[in-house]
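Here is the structure we will look at.
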Amino acid sequence: MSVFALVDCNNFYASCEKLFRPDLAHAPVVVLSNNDGCVVARSREVKALGIKMGVPVFQLKDEIVKHGIVCFSSNYALYADMSSRVMNILEEEAPRLEVYSIDEAFMDLTGVDHVTDLLTFGKQVKAKVDKWTGITVGVGIAPTKTLAKLANHAAKKYPATGSVVDLMDPNRQRRLLALVEVGDVWGVGRRISEKLRSRGINTALDLANANPKAIRSEFSVVLERTVQELNGVSCLDLGCVRPTKQQIICSRSFGHRITEKQELREAIAKYTTRAAEKLRGEKRLCRVVNVFIRTSPHAKDEPHYANSLSVELPNPTDDTRDLLEVTEVLFRRIWRAGFRYMKAGVMLADFYEHGTYQQDLFRADGMKANSKVLMSVVDQINHSGLGNVFFASQGVSPQWSMKREHLSPAYTTRWEDLPVVK
DNA sequence: TCTGGGGTCCTAGGACCC
DNA sequence: TCTGGGGTCCTAGGACCC
């Protein structure tokens with residue numbers, strides 16, 4: 001029988017910020033989304049205050065003052081670095097690991113129970129991550145990924161578990177399932193849980209007891225798999241090797257509304273450049289390029305406009321210059337004056353490996369001269385931390401860039417920001 | 001005034017083919 | 001009255017995840 005463990009970092013972003021601010025060890029801390037828009041992470045103290053995930057920060061003004069909540073802008077360089085430290089430890093502990101998101105991973109523990117008791121093993125992993133990184137994790141162990149998620153959920157919810165739950169025993173599984181609302185099951189979102197409830201399926205146990213075939217015809221093959229997994233039948237295997245991306249999206253909401261064509265144009269150029277970097281990081285070429293722009297869907301009293309346009313290139317490319325030419329044309333075609341734009345983005349899709357695509361018959365080789373060399377030099381300089389090389393169309397000091405008023409230092413990734421112990 | 005960003009998978013339906 | 005059958009490919013959109 002397979003054995004999966006789900007290891008998940010507690011309040012990850014908030015915990016990362018606290019690590020370097022011992023003075024805030026017991027303070028309520030939130031981390032905000034881009035543009036300091038809404039709450040994306042909450043420390044234990046903030047959760048206890050009943051503040052919900054995703055709340056716009058302007059609605060919390062009073063509570064921030066009242067409870068002395070400390071706000072941080074998101075510092076992805078810090079979180080990504082801490083994440084890789086945690087994942088490296090987990091990788092040493094298990095033969096196979098799937099890094100599922102920045103703060104959680106599935107481990108394959110099949111066979112481990114011949115050597116150690118699973119609960120003991122889970123506690124060892126937790127202790128090691130805690131000692132080496134200062135990040136606390138919860139561990140859920142079960143015969144399927146969906147049950148491992150649920151075990152992890154229980155590990156967090158019930159302090160008596162010591163944050164590690166072994167859910168291999170079927171009787172224990174049933175007892176827990178009866179206590180969990182159906183909407184808390186992995187793969188059951190708001191829409192589906194509403195529909196399930198209208199059919200009298202309220203708990204995870206109700207869902208586990210449903211007829212899989214009926215679920216498939218009324219809902220989907222995805223939910224049918226969930227039913228199987230809740231019954232201990234593993235349908236979802238570990239995705240150890242990161243699948244190559246199918247698409248790359250770069251989009252941001254702006255620090256303030258944009259009305260000038262030139263400003264929006266610069267933003268598009270900037271996103272194009274970032275998307276092209278990601279594409280080269282994947283070692284892929286892309287053939288389809290899409291640009292979109294939109295006004296705020298929340299604004300009640302002003303005209304709305306949203307549009308997007310795609311194009312298929314004659315030859316796949318990863319050259320920033322090619323992509324900039326294309327997104328510029330697409331942008332000009334969807335731009336309309338007289339709106340207050342909130343967001344824009346660039347999407348790349350239809351990827352190819354180098355040398356495996358059909359060349360356009362009428363353009364012997366679309367490649368620009370020295371493309372490969374120039375792009376790799378640009379990427380190297382920009383990754384070195386020494387400075388930035390960029391394309392003129394991005395503008396020199398953009399007004400539209402993100403609002404990040406509460407950004408913490410790059411403690412772990414920039415020499416000048418290294419914390420000093422006095 | 002102020003509401004994130006980046007992904008995946010699946011399905012239905014239309015276009016098109018013989 | 002009555003208007004084929006079976007397939008492929010593509011796209012848009014819905015639902016989910018963190």
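Identifiers in this document derive from the order of the structure tokens: chains are assigned A, B, ..., residues are numbered from 1 separately in each chain, and ligands are numbered from 1 in order of occurrence.
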
Excluding DC18 in chain C and its own-chain neighbours fewer than 3 positions away, which residues fall within 9 Å of it when counting only C-alpha atoms (C1' of nucleotides)? Please give them as an MDAnalysis selection string.
chainID A and resid 100:103

Tell me the residues of chain A close to chain C, meaning within 12 Å using only C-alpha atoms (C1' of nucleotides), as number ranges by chain.
A: 8, 12, 40-41, 99-105, 183, 185-193, 219-220, 222-223

Calculate how many Å separate CA of Asp379 in chain A from CA of Val326 in chain A, rounding to one decimal.
20.5 Å

Enumerate as a VMD selection string all residues of range 59-229 of chain A assigned to helix (DSSP H, G or I) by DSSP on the backbone, naming them with the chain letters and numbers the document uses.
chain A and resid 59 to 67 76 to 93 112 to 114 118 to 133 145 to 157 159 to 161 170 to 179 182 to 184 190 to 198 204 to 209 212 to 218 221 to 229

Mind pulling up the distance from CA of Val129 in chain A to CA of Gly162 in chain A?
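Result for CA of Gly162 in chain A versus CA of Val129 in chain A: 14.6 Å, one decimal.
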
Based on DSSP run over this structure's backbone, return all residues of range 86-303 of chain A in strand (DSSP E or B), as a ChimeraX atom specification.
/A:96-101,104-108,137-142,164-166,181,203,247-258,285-295

Quick one: everything within 12 Å of Asn11 in chain A, counting only C-alpha atoms (C1' of nucleotides), minus sequence neighbours fewer than 2 positions away in the same chain. Send it as an MDAnalysis selection string.
chainID A and resid 8:9 13:19 28:31 40:47 53 79 102:104 135:138 156

In Å to one decimal, how far is CA of Gln246 in chain A from CA of Pro314 in chain A?
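The value is 19.1 Å.
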
Excluding same-chain residues fewer than 2 positions from range 304-308 of chain A, what lies within 7 Å of it counting only C-alpha atoms (C1' of nucleotides), as number ranges by chain?
A: 290-295, 302, 310, 334
